[in-house]
Structure formats: structure tokens, C-alpha cells
file coords.txt (compact mmCIF, C-alpha atoms)
# COMPACT_ATOMS: atom_id res chain seq x y z
CA MET L 1 117.57 86.95 129.41
CA LYS L 2 119.92 85.78 132.15
CA ARG L 3 123.15 87.70 132.46
CA GLY L 4 126.34 87.14 134.42
CA LEU L 5 129.64 85.34 134.29
CA ARG L 6 128.06 81.95 133.63
CA TYR L 7 125.68 83.04 130.89
CA ASP L 8 127.61 85.68 128.97
CA PHE L 9 130.00 83.38 127.14
CA SER L 10 127.62 82.11 124.46
CA LEU L 11 129.04 80.74 121.22
CA LEU L 12 128.53 84.02 119.36
CA ALA L 13 130.08 86.00 122.20
CA LEU L 14 133.11 83.68 122.11
CA LEU L 15 133.49 84.31 118.40
CA LEU L 16 133.27 88.03 119.03
CA ILE L 17 136.44 88.03 121.21
CA PRO L 18 138.90 87.39 118.33
CA VAL L 19 137.02 90.00 116.28
CA GLY L 20 137.50 92.56 119.05
CA VAL L 21 141.18 91.75 119.43
CA SER L 22 141.85 92.04 115.71
CA VAL L 23 139.95 95.33 115.50
CA ASN L 24 142.17 96.59 118.35
CA VAL L 25 145.27 95.64 116.38
CA VAL L 26 143.98 97.28 113.19
CA GLY L 27 143.05 100.41 115.16
CA TYR L 28 146.55 100.56 116.59
CA GLN L 29 148.12 100.28 113.14
CA LEU L 30 145.73 102.83 111.72
CA SER L 31 146.61 105.33 114.43
CA SER L 32 150.30 104.96 113.62
CA ILE L 33 149.63 105.29 109.85
CA LEU L 34 147.60 108.44 110.49
CA LYS L 35 150.40 109.70 112.76
CA PHE L 36 148.42 110.25 115.94
CA PRO L 37 150.45 111.05 119.03
CA ILE L 38 148.20 108.73 121.09
CA PHE L 39 147.33 105.11 120.40
CA ILE L 40 143.73 104.31 119.58
CA ASP L 41 143.93 100.63 120.43
CA GLN L 42 140.79 99.84 122.41
CA ILE L 43 138.07 100.23 119.76
CA GLY L 44 137.51 96.47 119.60
CA THR L 45 137.46 96.02 123.37
CA LEU L 46 134.85 98.76 123.77
CA PHE L 47 132.77 97.49 120.88
CA VAL L 48 132.74 93.96 122.30
CA SER L 49 131.94 95.20 125.83
CA MET L 50 128.99 97.18 124.49
CA ILE L 51 127.22 94.13 123.07
CA GLY L 52 128.89 91.28 124.96
CA GLY L 53 128.92 92.70 128.48
CA PRO L 54 131.61 93.22 131.13
CA TRP L 55 133.06 89.70 131.32
CA VAL L 56 133.41 89.20 127.58
CA GLY L 57 134.89 92.70 127.30
CA MET L 58 137.38 91.93 130.04
CA VAL L 59 138.54 88.76 128.31
CA THR L 60 138.89 90.67 125.03
CA GLY L 61 141.14 93.22 126.71
CA LEU L 62 143.23 90.48 128.30
CA MET L 63 143.61 88.50 125.06
CA GLY L 64 144.63 91.59 123.10
CA ASN L 65 147.48 92.29 125.48
CA VAL L 66 148.51 88.64 125.67
CA ILE L 67 148.86 88.57 121.87
CA ASN L 68 150.89 91.79 121.95
CA GLY L 69 152.90 90.52 124.88
CA MET L 70 154.12 87.52 122.91
CA LEU L 71 156.15 89.95 120.78
CA ASN L 72 156.77 92.67 123.34
CA PRO L 73 156.47 91.61 127.01
CA VAL L 74 155.93 95.22 128.13
CA ALA L 75 152.28 94.77 127.07
CA PHE L 76 151.62 92.13 129.75
CA PRO L 77 151.27 94.41 132.79
CA TYR L 78 149.09 96.77 130.75
CA ALA L 79 146.57 93.97 130.28
CA LEU L 80 145.11 95.25 133.56
CA VAL L 81 144.28 98.57 131.87
CA ALA L 82 142.54 96.90 128.94
CA MET L 83 140.67 94.59 131.31
CA ALA L 84 139.47 97.52 133.43
CA THR L 85 138.38 99.36 130.27
CA GLY L 86 136.41 96.37 129.00
CA PHE L 87 134.83 95.65 132.36
CA VAL L 88 133.71 99.23 133.06
CA ALA L 89 132.43 99.68 129.50
CA GLY L 90 130.42 96.47 129.86
CA ILE L 91 128.89 97.51 133.17
CA LEU L 92 127.84 100.82 131.61
CA SER L 93 126.26 98.89 128.73
CA ARG L 94 124.27 96.92 131.27
CA TRP L 95 122.98 100.24 132.63
CA LYS L 96 122.04 101.23 129.05
CA TRP L 97 124.30 104.29 128.93
CA TYR L 98 125.01 103.99 125.23
CA THR L 99 121.42 104.38 124.08
CA ASN L 100 121.79 108.15 123.69
CA ILE L 101 124.61 110.57 123.03
CA VAL L 102 124.61 112.12 126.53
CA GLY L 103 125.14 108.69 128.06
CA ALA L 104 127.90 107.91 125.57
CA VAL L 105 129.79 111.10 126.47
CA ALA L 106 129.36 110.39 130.20
CA ALA L 107 130.54 106.80 129.61
CA CYS L 108 133.62 108.17 127.90
CA VAL L 109 134.51 110.20 131.02
CA VAL L 110 133.89 107.30 133.42
CA ILE L 111 135.90 104.81 131.34
CA SER L 112 138.83 107.18 130.93
CA VAL L 113 139.00 107.89 134.67
CA PHE L 114 139.12 104.17 135.52
CA ALA L 115 141.60 103.41 132.72
CA ALA L 116 143.81 106.33 133.76
CA ILE L 117 143.98 105.24 137.40
CA VAL L 118 144.90 101.65 136.52
CA LYS L 119 147.38 102.82 133.88
CA ALA L 120 149.12 105.20 136.27
CA LEU L 121 149.35 102.51 138.95
CA VAL L 122 150.86 99.99 136.53
CA THR L 123 153.31 102.57 135.17
CA LEU L 124 154.40 103.56 138.68
CA VAL L 125 154.59 100.12 140.27
CA VAL L 126 156.07 98.13 137.40
CA PHE L 127 158.09 100.68 135.47
CA GLY L 128 158.78 103.36 138.07
CA GLY L 129 157.03 106.10 136.07
CA VAL L 130 158.20 105.96 132.44
CA THR L 131 157.87 103.36 129.69
CA GLY L 132 159.69 104.76 126.67
CA ALA L 133 156.45 105.83 124.94
CA GLY L 134 155.75 109.26 123.46
CA SER L 135 153.72 110.30 126.49
CA ASP L 136 156.90 110.18 128.60
CA LEU L 137 157.69 113.61 127.23
CA ILE L 138 154.64 114.99 129.05
CA THR L 139 155.66 113.22 132.26
CA ALA L 140 159.18 114.63 131.91
CA ALA L 141 157.78 118.11 131.34
CA PHE L 142 155.73 117.86 134.55
CA LEU L 143 158.80 116.61 136.44
CA VAL L 144 160.95 119.45 135.15
CA ALA L 145 158.25 121.91 136.26
CA GLY L 146 158.78 120.59 139.77
CA THR L 147 155.77 118.27 140.17
CA SER L 148 156.31 115.08 142.16
CA LEU L 149 156.71 111.80 140.29
CA ILE L 150 153.35 110.34 141.35
CA LYS L 151 151.43 113.48 140.44
CA SER L 152 153.18 113.75 137.05
CA VAL L 153 152.41 110.16 136.11
CA PHE L 154 148.77 110.50 137.13
CA SER L 155 148.32 113.76 135.21
CA THR L 156 149.93 112.34 132.06
CA SER L 157 147.81 109.24 132.34
CA ILE L 158 144.59 111.25 132.68
CA PHE L 159 145.44 113.42 129.64
CA THR L 160 146.34 110.59 127.28
CA SER L 161 143.55 108.40 128.50
CA ILE L 162 140.81 110.99 127.99
CA ALA L 163 142.02 111.73 124.46
CA SER L 164 142.30 108.10 123.36
CA THR L 165 139.12 106.94 125.10
CA ALA L 166 137.15 109.75 123.44
CA VAL L 167 138.13 108.46 120.00
CA ASP L 168 137.67 104.80 121.01
CA VAL L 169 134.17 105.37 122.38
CA ALA L 170 133.13 107.63 119.50
CA VAL L 171 134.16 105.18 116.77
CA SER L 172 132.77 102.09 118.46
CA TRP L 173 129.54 103.92 119.32
CA ILE L 174 129.01 105.03 115.71
CA ILE L 175 129.51 101.45 114.57
CA LEU L 176 127.26 100.09 117.33
CA ARG L 177 124.38 102.31 116.22
CA LYS L 178 124.70 100.97 112.66
CA LEU L 179 124.68 97.26 113.55
CA PRO L 180 121.82 95.24 112.06
CA ASP L 181 119.06 94.40 114.55
CA ARG L 182 119.05 90.70 113.77
CA PHE L 183 122.65 90.59 114.99
CA LEU L 184 122.08 92.71 118.10
CA VAL L 185 119.23 90.55 119.44
CA LYS L 186 121.51 87.52 119.62
CA PHE L 187 123.65 89.13 122.34
CA ASN L 188 122.88 89.37 126.04
CA TYR L 189 123.53 93.10 126.06
CA GLY L 190 122.46 94.02 122.51
CA MET L 191 118.72 94.44 123.08
CA PRO L 192 118.72 98.14 124.19
CA TYR L 193 120.28 99.16 120.87
CA VAL L 194 117.55 97.69 118.66
CA ARG L 195 115.55 100.55 117.12
CA LYS L 196 112.20 100.74 118.88
CA SER L 197 110.34 101.98 115.79
CA ARG L 198 111.10 98.74 113.98
CA ILE L 199 109.91 96.54 116.86
CA ALA L 200 106.49 98.21 116.84
CA SER L 201 105.81 97.67 113.15
CA MET E 1 161.34 75.53 117.00
CA ASN E 2 162.71 72.19 115.79
CA SER E 3 165.59 72.15 118.21
CA ALA E 4 165.74 69.96 121.30
CA ILE E 5 164.52 72.86 123.44
CA GLY E 6 161.71 73.68 121.02
CA ARG E 7 160.40 70.14 121.26
CA LEU E 8 160.17 70.11 125.06
CA TYR E 9 156.68 69.96 126.50
CA PRO E 10 155.30 73.54 126.84
CA SER E 11 154.53 73.26 130.54
CA SER E 12 158.12 72.29 131.44
CA LYS E 13 159.38 75.42 129.71
CA PHE E 14 156.66 77.39 131.42
CA CYS E 15 157.67 76.13 134.88
CA PHE E 16 161.21 77.17 134.16
CA VAL E 17 160.22 80.65 132.99
CA LEU E 18 157.95 81.12 135.99
CA LEU E 19 160.78 80.13 138.31
CA ALA E 20 163.15 82.56 136.59
CA ILE E 21 160.65 85.41 136.98
CA ILE E 22 159.90 84.67 140.65
CA VAL E 23 163.57 84.40 141.50
CA SER E 24 164.44 87.64 139.72
CA ILE E 25 161.64 89.60 141.38
CA PHE E 26 162.32 88.45 144.94
CA THR E 27 166.12 88.38 144.96
CA PRO E 28 167.72 91.58 146.31
CA GLY E 29 170.43 93.29 144.27
CA HIS E 30 170.57 93.52 140.51
CA TRP E 31 173.49 91.45 139.18
CA LEU E 32 171.60 88.16 139.11
CA GLN E 33 168.74 89.81 137.21
CA TYR E 34 171.05 91.36 134.61
CA ALA E 35 172.74 87.98 134.22
CA MET E 36 169.38 86.56 133.13
CA PHE E 37 169.68 88.38 129.80
CA PRO E 38 172.94 86.72 128.64
CA PHE E 39 171.62 83.46 130.04
CA PHE E 40 168.42 83.57 127.98
CA LEU E 41 170.38 84.83 124.98
CA PHE E 42 172.54 81.73 125.30
CA LEU E 43 169.43 79.54 125.61
CA SER E 44 167.99 81.21 122.50
CA PHE E 45 171.11 80.45 120.52
CA CYS E 46 170.85 76.84 121.71
CA SER E 47 167.27 76.70 120.47
CA GLY E 48 168.08 78.39 117.16
CA THR E 49 166.28 81.70 117.72
CA GLY E 50 169.28 83.71 118.94
CA MET E 51 169.26 86.53 116.40
CA LYS E 52 165.48 86.89 116.54
CA PHE E 53 165.62 87.14 120.32
CA PHE E 54 168.43 89.69 120.25
CA LYS E 55 166.70 91.90 117.67
CA ALA E 56 163.35 91.79 119.47
CA PHE E 57 165.05 92.63 122.76
CA ILE E 58 166.97 95.57 121.35
CA SER E 59 163.91 97.02 119.60
CA SER E 60 161.54 96.82 122.56
CA ILE E 61 163.21 96.43 125.96
CA ALA E 62 166.55 98.22 125.47
CA MET E 63 164.79 101.50 124.65
CA ILE E 64 162.67 101.34 127.81
CA VAL E 65 165.67 100.55 129.98
CA VAL E 66 167.58 103.56 128.62
CA VAL E 67 164.60 105.90 129.09
CA ILE E 68 164.04 104.72 132.67
CA PHE E 69 167.71 105.32 133.45
CA LEU E 70 167.77 108.81 132.01
CA VAL E 71 164.56 109.92 133.70
CA GLN E 72 165.31 108.40 137.11
CA VAL E 73 168.90 109.57 137.29
CA PHE E 74 168.71 113.02 135.73
CA ILE E 75 165.14 114.30 135.95
CA VAL E 76 163.29 112.86 138.95
CA ARG E 77 164.31 114.75 142.10
CA TYR E 78 165.42 112.89 145.19
CA PRO E 79 166.64 114.34 148.51
CA ASP E 80 170.26 113.89 147.39
CA SER E 81 169.86 115.43 143.91
CA GLN E 82 172.76 117.67 142.83
CA PRO E 83 171.99 120.33 140.19
CA ILE E 84 174.21 120.01 137.12
CA TRP E 85 172.76 122.24 134.43
CA GLY E 86 169.31 123.79 134.05
CA PHE E 87 166.70 121.20 134.93
CA ILE E 88 169.20 118.33 134.96
CA TYR E 89 170.03 116.88 138.35
CA LEU E 90 172.20 113.95 139.32
CA SER E 91 171.09 111.57 142.03
CA GLN E 92 172.61 108.48 143.61
CA ASN E 93 169.21 107.31 144.91
CA GLY E 94 167.79 107.61 141.40
CA LEU E 95 170.61 105.48 140.02
CA GLU E 96 169.96 102.76 142.58
CA LYS E 97 166.22 102.87 142.03
CA SER E 98 166.57 102.64 138.25
CA LEU E 99 168.98 99.71 138.57
CA GLY E 100 166.40 97.94 140.72
CA ILE E 101 163.54 98.55 138.28
CA THR E 102 165.36 97.90 135.02
CA SER E 103 167.07 94.72 136.22
CA LYS E 104 163.70 93.16 137.03
CA ILE E 105 162.24 94.29 133.69
CA VAL E 106 165.21 92.91 131.77
CA ALA E 107 165.02 89.54 133.54
CA SER E 108 161.27 88.98 133.27
CA ALA E 109 161.05 90.30 129.71
CA SER E 110 163.92 88.05 128.55
CA ALA E 111 162.26 85.00 130.09
CA ILE E 112 158.85 85.74 128.57
CA MET E 113 160.27 86.59 125.15
CA TRP E 114 162.32 83.42 125.08
CA TYR E 115 159.29 81.33 126.01
CA PHE E 116 157.08 82.65 123.24
CA GLN E 117 159.84 82.37 120.65
CA VAL E 118 160.58 78.71 121.30
CA THR E 119 156.99 77.53 121.85
CA THR E 120 154.48 77.43 119.01
CA PRO E 121 150.91 78.52 119.85
CA LYS E 122 149.77 75.10 118.60
CA ASP E 123 151.80 73.31 121.27
CA MET E 124 150.65 75.72 123.97
CA VAL E 125 146.98 75.21 123.16
CA TYR E 126 147.48 71.45 122.94
CA ALA E 127 149.07 71.43 126.40
CA MET E 128 146.20 73.54 127.75
CA GLU E 129 143.68 71.06 126.35
CA ARG E 130 145.54 68.13 127.86
CA ALA E 131 145.61 69.91 131.22
CA ASN E 132 141.78 70.04 131.13
CA TRP E 133 141.36 73.75 130.66
CA PRO E 134 137.78 74.69 129.74
CA LYS E 135 137.22 74.03 126.04
CA LYS E 136 135.90 77.54 125.50
CA ALA E 137 139.12 79.07 126.88
CA THR E 138 141.43 77.10 124.61
CA PHE E 139 139.18 77.86 121.65
CA VAL E 140 139.35 81.61 122.31
CA VAL E 141 143.15 81.56 122.59
CA MET E 142 143.62 79.53 119.42
CA SER E 143 141.11 81.43 117.29
CA THR E 144 142.48 84.80 118.39
CA ILE E 145 146.03 83.83 117.46
CA GLN E 146 144.86 82.59 114.07
CA MET E 147 142.50 85.43 113.33
CA VAL E 148 144.71 88.49 113.90
CA PRO E 149 146.95 88.06 110.80
CA GLN E 150 143.94 87.27 108.60
CA VAL E 151 142.11 90.38 109.71
CA MET E 152 145.22 92.49 109.17
CA ASN E 153 145.28 91.37 105.53
CA GLN E 154 141.59 92.13 105.18
CA ALA E 155 142.13 95.58 106.70
CA LYS E 156 144.87 96.26 104.14
CA THR E 157 142.48 95.43 101.30
CA ILE E 158 139.82 97.77 102.72
CA MET E 159 142.39 100.51 103.20
CA ASP E 160 143.52 100.21 99.56
CA ALA E 161 139.92 100.25 98.38
CA GLN E 162 139.08 103.35 100.40
CA LYS E 163 142.28 105.07 99.24
CA SER E 164 141.33 104.45 95.62
CA ARG E 165 138.01 106.14 96.39
CA GLY E 166 139.96 109.18 97.56
CA ILE E 167 139.84 108.98 101.37
CA GLU E 168 141.95 111.63 103.08
CA THR E 169 144.71 110.31 105.33
CA GLU E 170 146.54 113.59 105.67
CA GLY E 171 145.53 117.02 106.93
CA GLY E 172 144.19 118.30 110.21
CA VAL E 173 143.49 116.16 113.24
CA TRP E 174 139.74 116.21 112.63
CA ILE E 175 140.11 115.02 108.99
CA ARG E 176 142.39 112.19 110.07
CA LEU E 177 140.05 111.23 112.89
CA LYS E 178 137.16 110.93 110.48
CA THR E 179 139.06 108.26 108.49
CA PHE E 180 138.56 105.77 111.32
CA VAL E 181 134.90 105.16 110.54
CA PRO E 182 135.18 104.34 106.81
CA MET E 183 138.23 102.16 107.54
CA LEU E 184 136.90 100.20 110.50
CA GLY E 185 133.21 100.20 109.61
CA PRO E 186 133.41 97.87 106.58
CA LEU E 187 135.93 95.71 108.41
CA ILE E 188 133.69 95.17 111.43
CA PHE E 189 130.59 94.54 109.32
CA SER E 190 132.30 91.90 107.22
CA LEU E 191 133.77 90.31 110.35
CA ILE E 192 130.30 90.15 111.90
CA GLN E 193 128.95 88.40 108.84
CA GLN E 194 131.79 85.89 109.11
CA THR E 195 131.07 85.42 112.80
CA GLU E 196 127.54 84.27 112.09
CA GLU E 197 128.73 81.79 109.46
CA HIS E 198 131.48 80.63 111.78
CA ALA E 199 128.94 79.98 114.56
CA LEU E 200 126.80 77.87 112.24
CA ALA E 201 129.82 75.88 111.09
CA LEU E 202 130.94 75.21 114.66
CA GLN E 203 127.48 74.19 115.83
CA SER E 204 127.09 71.76 112.94
CA ARG E 205 130.42 70.17 113.97
CA ALA E 206 129.33 69.58 117.57
CA PHE E 207 131.46 72.28 119.19
CA LEU E 208 129.08 72.58 122.15
CA SER E 209 129.11 68.83 122.87
CA SER E 210 130.57 67.97 126.25
CA ALA E 211 132.30 64.79 125.05
CA LYS E 212 136.07 64.60 125.33
CA LYS E 213 137.93 65.73 122.22
CA THR E 214 140.60 63.63 120.53
CA SER E 215 143.43 65.28 118.67
CA LEU E 216 145.30 64.27 115.54
CA TYR E 217 148.26 66.30 116.72
CA ARG E 218 150.36 64.56 119.33
CA LEU E 219 152.98 65.85 121.72
CA ASP E 220 154.24 63.58 124.47
CA LYS E 221 155.81 64.24 127.81
CA HIS E 222 159.20 62.55 127.98
CA ALA E 223 161.31 61.68 130.97
CA ILE E 224 163.28 64.92 130.54
CA ASP E 225 160.07 66.97 130.87
CA TRP E 226 159.29 65.35 134.21
CA GLY E 227 162.92 65.91 135.20
CA ILE E 228 162.74 69.63 134.42
CA GLN E 229 159.46 70.10 136.24
CA VAL E 230 160.65 68.31 139.37
CA LEU E 231 163.93 70.24 139.28
CA CYS E 232 162.05 73.54 139.01
CA LEU E 233 159.90 72.58 142.00
CA ILE E 234 162.95 71.68 144.07
CA LEU E 235 164.72 74.91 143.13
CA PHE E 236 161.58 76.87 143.99
CA ILE E 237 161.36 75.29 147.45
CA ALA E 238 165.05 75.90 147.97
CA PHE E 239 164.57 79.54 147.00
CA LEU E 240 161.64 79.91 149.42
CA VAL E 241 163.69 78.40 152.22
CA TRP E 242 166.60 80.72 151.46
CA ARG E 243 164.43 83.87 151.32
CA ILE E 244 162.33 83.16 154.40
CA PHE E 245 164.93 81.78 156.82
call {"tool": "encode", "arguments": {"input": "coords.txt", "output": "C-alpha cells"}}
result
Amino acid sequence: MKRGLRYDFSLLALLLIPVGVSVNVVGYQLSSILKFPIFIDQIGTLFVSMIGGPWVGMVTGLMGNVINGMLNPVAFPYALVAMATGFVAGILSRWKWYTNIVGAVAACVVISVFAAIVKALVTLVVFGGVTGAGSDLITAAFLVAGTSLIKSVFSTSIFTSIASTAVDVAVSWIILRKLPDRFLVKFNYGMPYVRKSRIAS
Amino acid sequence: MNSAIGRLYPSSKFCFVLLAIIVSIFTPGHWLQYAMFPFFLFLSFCSGTGMKFFKAFISSIAMIVVVIFLVQVFIVRYPDSQPIWGFIYLSQNGLEKSLGITSKIVASASAIMWYFQVTTPKDMVYAMERANWPKKATFVVMSTIQMVPQVMNQAKTIMDAQKSRGIETEGGVWIRLKTFVPMLGPLIFSLIQQTEEHALALQSRAFLSSAKKTSLYRLDKHAIDWGIQVLCLILFIAFLVWRIF
């Protein structure tokens, strides 16, 4: 199966993008209903990247933030974070990292590092370090302890990003492993997740 | 949306917003940028979305602006910081820096918010189609905008169903974390089923055909739209000339 920017956007993959975006929105609402201090809002992006690949994942991340940005423009610059998350998660799916639990845990670390770096850069460059979210308290605590602004923002970003990515990857991975095979085979990146035992019989 | 401004062609409004953002980012000082907020508030009242704009601005941007001020002025340490009490310092540099950051945020956010409040997604997608964007891109934008509210309703139904089966939404972190799977699992599986049906429906209606689409919905460019676009271009060139020379 050919993969790449020109081949990944099949009709089914296109239809998966709105699904990913809406799952992101539902995840975000759920995390505020369940009163989590961090926002679990990338489940859809990760899920789409896992079966649709890096480019489709990147577009899902972008679209999610564009939809949010229509109501609250602060979300626009953070589209870069969602795009990086989707892209990295898709690349890892191409390397078949999600076929076992060790790979999934490693993927979680890699994705959170990339997301954290992009997030910290956006926060520093666009907003000068704080954005009025709950995690600002951590940044402020670091600042009060005498850490420099750049270091504080990076540390906060790493902490929040590892926590939220862990939940994002875990939930989307559990769902990925339960997807029906006849659906997985239709996607460019779904083949590794088809159960081998069923192919043989 | 039915006002004179709401009926303008989406790309003329877009040119104007883009110009406002470019000007506010590259102009030194902060008074012009802060003036953008009353200006867009005035425009919103002219287009009949004044209160909506004001409420949305207060609930999202005002909070951020206040937080940035407090942190930059009192907590971040600069060479000229003067200790006041405990960990609170006062700094002139911090004040200037926060004015610079917040003024740009206020200006760009007002422009973007105004644009999305006076332009319907339908008009935007129509303008994108007319401007020969790839068909797949316009389809993704349109279907995402339509799908999110539908899925939110569906998620509410699933949540009620799972609650009636006694799912735990309170307790320790681990218990609350575990709720994600029974909430999102059924949602994603039903969405996937819909996706397959959706794909069949689109294929049977010649979605993948490369022929040019016609639209029942019409939106025309009037003389005033051309006027606004040309004016924006002239102002942009004038701005470039002023900033570079």
C-alpha cells in the first residue's frame, strides 16, 4: 500500500477527521465534568493518527483548534501543538510502535516531549509565559522559587504534557486494540493492528 | 449576520482582518493595538453582534490579559525588580513587556473573534469553493463544523445511559480515569459505523468525481467588496512603505 501525503487522504480517512475532532471536544468536556486539573483533549487526534497516519493526524489537530479558535482565538496558536502531536503520533504508527504495550508507553514519552517543546515555545513567544490556565499556578510557583521564566515554562509544559498525553495515549490505544479488523484494513496505517491469529485461519 | 456587514463577501472581511492583525503586530507602541478593541466592538454593534462579542471577549481574553499583567509585573524578576512583600516584586520592565504582549493579543483576538461572529461557516466554505480550494479541504472544514454539535448530543445520550448503569464519576483519580473508556468507547464505535455508511453515501453521489460542482446557494461579490479588497491592499502597501523607509 502506498503511503505519503498524496495517498493518505482517502475518502474514509477524510471522514475520520471530523470524528477525531468531535472526540477531542467530547474528551475535553469529559475531563472538565470529571474535574481533572489537566485537559485530556487529544484523544481523537491520537486515535486518528494511529490509523490514518501523520498527515491525517496533523490535519485533525489543526481542525480541532480552528473550531475552538472560532469561539476563543487563544486556541489558534496552540494548533501547532496539536499538529505536532498528530504528526509525531502518526510517524510512530508508521514504525508500528503501537503493536505492543512497551511501544505504546515509549510512544507516550516521545509524543509528550515533542508536544511539551512546541507548547512551551508557543506559550513563551505568543503569550510571554502565562495563558490564564490552571497550569499557570505551577509556572508561578517555579518563578517564586527563583527559576528563570524560560525554565519555569518548559518545566510546567513537560509536567502537564506528560500527564495528559499518558491518558490520551492510553485511552486511544485501548480503543484502537478493540477496533474491528474489517475497519482497520481499509486504512493505510491500520494493517499492523489486525490480529494475526485471525489472518491465519 | 443579516446586517450589511454580515452580507459582505467573506474574503473582503478576511482581507480586512488580516490587515488589522499585521498592522497591530508590526506597529511599535501599544495604544493603536488597544484601540483595536473599541474599534471592533463598534463594528460588532454595527453588525448586530455587539453584546455577543463583548461577552465572549470578557470571558476569554480579559482573563488572560489580567493574568499576564499580574505575572509579568509582580512575579517575573527583571534587573530592575524592587521587592515589595515576600515573593512580590515590582518591575518597570515587566510592565512594559506585558503592555507589549497583551496589546497584540487584544488586537488580534478582537479581529479574529469579530470575523467568526459575523461570517457564517456556510459563506466561508462557499467562498473557499469559489476560490478553487481543493474539494477535499472544503469538505473537511464543512463536515467538521457540522459534526461537532451532533456528536456532542450523542455523547450526552451515552453519558446518561452509562450513568443509569451506575458508572462512577466521582472518587479517586484512578476511578475517574477509568470512566473515559466506557464513555468514549461506545461513542467512537458508533461514529465508525456511521463513517462507513457516510462513505458509501458519498461515493454513490459522485463525491470523488473531478467535475466542477454547482451550488444552489449563491453569494455574489458586489462593487463594495472589490472596493474593500483594493483599499486593504493599498493600506497594506502604505504600511509596508511606512515601516521599511
call {"tool": "closest_atom_pairs", "arguments": {"input": "coords.txt", "of": "chain L", "to": "chain E", "cutoff": "7 Å", "atoms": "all atoms listed in the file", "output": "Markdown table"}}
result
| residue | atom | partner | partner_atom | distance |
| --- | --- | --- | --- | --- |
| L:Leu11 | CA | E:Ala199 | CA | 6.7 |
| L:Leu12 | CA | E:Ala199 | CA | 6.3 |
| L:Leu14 | CA | E:Val140 | CA | 6.6 |
| L:Leu15 | CA | E:Thr195 | CA | 6.2 |
| L:Pro18 | CA | E:Thr144 | CA | 4.4 |
| L:Val19 | CA | E:Leu191 | CA | 6.8 |
| L:Ser22 | CA | E:Val148 | CA | 4.9 |
| L:Val26 | CA | E:Met152 | CA | 6.4 |
| L:Leu34 | CA | E:Thr169 | CA | 6.2 |
| L:Met70 | CA | E:Phe116 | CA | 5.7 |
| L:Leu71 | CA | E:Met113 | CA | 6.9 |
| L:Asn72 | CA | E:Ser60 | CA | 6.4 |
| L:Pro73 | CA | E:Ala109 | CA | 5.5 |
| L:Phe127 | CA | E:Ile101 | CA | 6.5 |
| L:Gly128 | CA | E:Ile101 | CA | 6.8 |
| L:Val130 | CA | E:Ile68 | CA | 6.0 |
| L:Thr131 | CA | E:Ile64 | CA | 5.5 |
| L:Gly132 | CA | E:Ile64 | CA | 4.7 |
| L:Leu143 | CA | E:Val76 | CA | 6.4 |
| L:Val144 | CA | E:Phe87 | CA | 6.0 |
| L:Leu149 | CA | E:Val76 | CA | 6.8 |
| L:Val171 | CA | E:Val181 | CA | 6.3 |
| L:Ile175 | CA | E:Gly185 | CA | 6.3 |
call {"tool": "closest_residue", "arguments": {"input": "coords.txt", "among": "L:Leu16, L:Met191, L:Val169, L:Ala89", "to": "L:Val105", "atoms": "all atoms listed in the file"}}
result
L:Val169
call {"tool": "atom_distance", "arguments": {"input": "coords.txt", "atom1": "atom CA of L:Ala115", "atom2": "atom CA of L:Ala84"}}
result
6.3 Å
call {"tool": "closest_residue", "arguments": {"input": "coords.txt", "among": "L:Leu137, L:Met83, L:Val126, L:Ile101", "to": "L:Phe114", "atoms": "all atoms listed in the file"}}
result
L:Met83
call {"tool": "axis_aligned_box", "arguments": {"input": "coords.txt", "around": "stretch 36-55 of chain E", "padding_each_side": "4 Å", "output": "JSON"}}
result
{"center_x": 169.2, "center_y": 84.3, "center_z": 124.8, "size_x": 15.5, "size_y": 23.2, "size_z": 24.7}
call {"tool": "residues_around", "arguments": {"input": "coords.txt", "residues": "E:Phe45", "least_positions_apart": "2", "cutoff": "12 Å", "atoms": "all atoms listed in the file", "output": "ChimeraX atom specification"}}
result
/E:1,3-6,38-43,47-54,114,117-118
call {"tool": "atom_distance", "arguments": {"input": "coords.txt", "atom1": "atom CA of E:Phe236", "atom2": "atom CA of E:Phe26"}}
result
11.6 Å
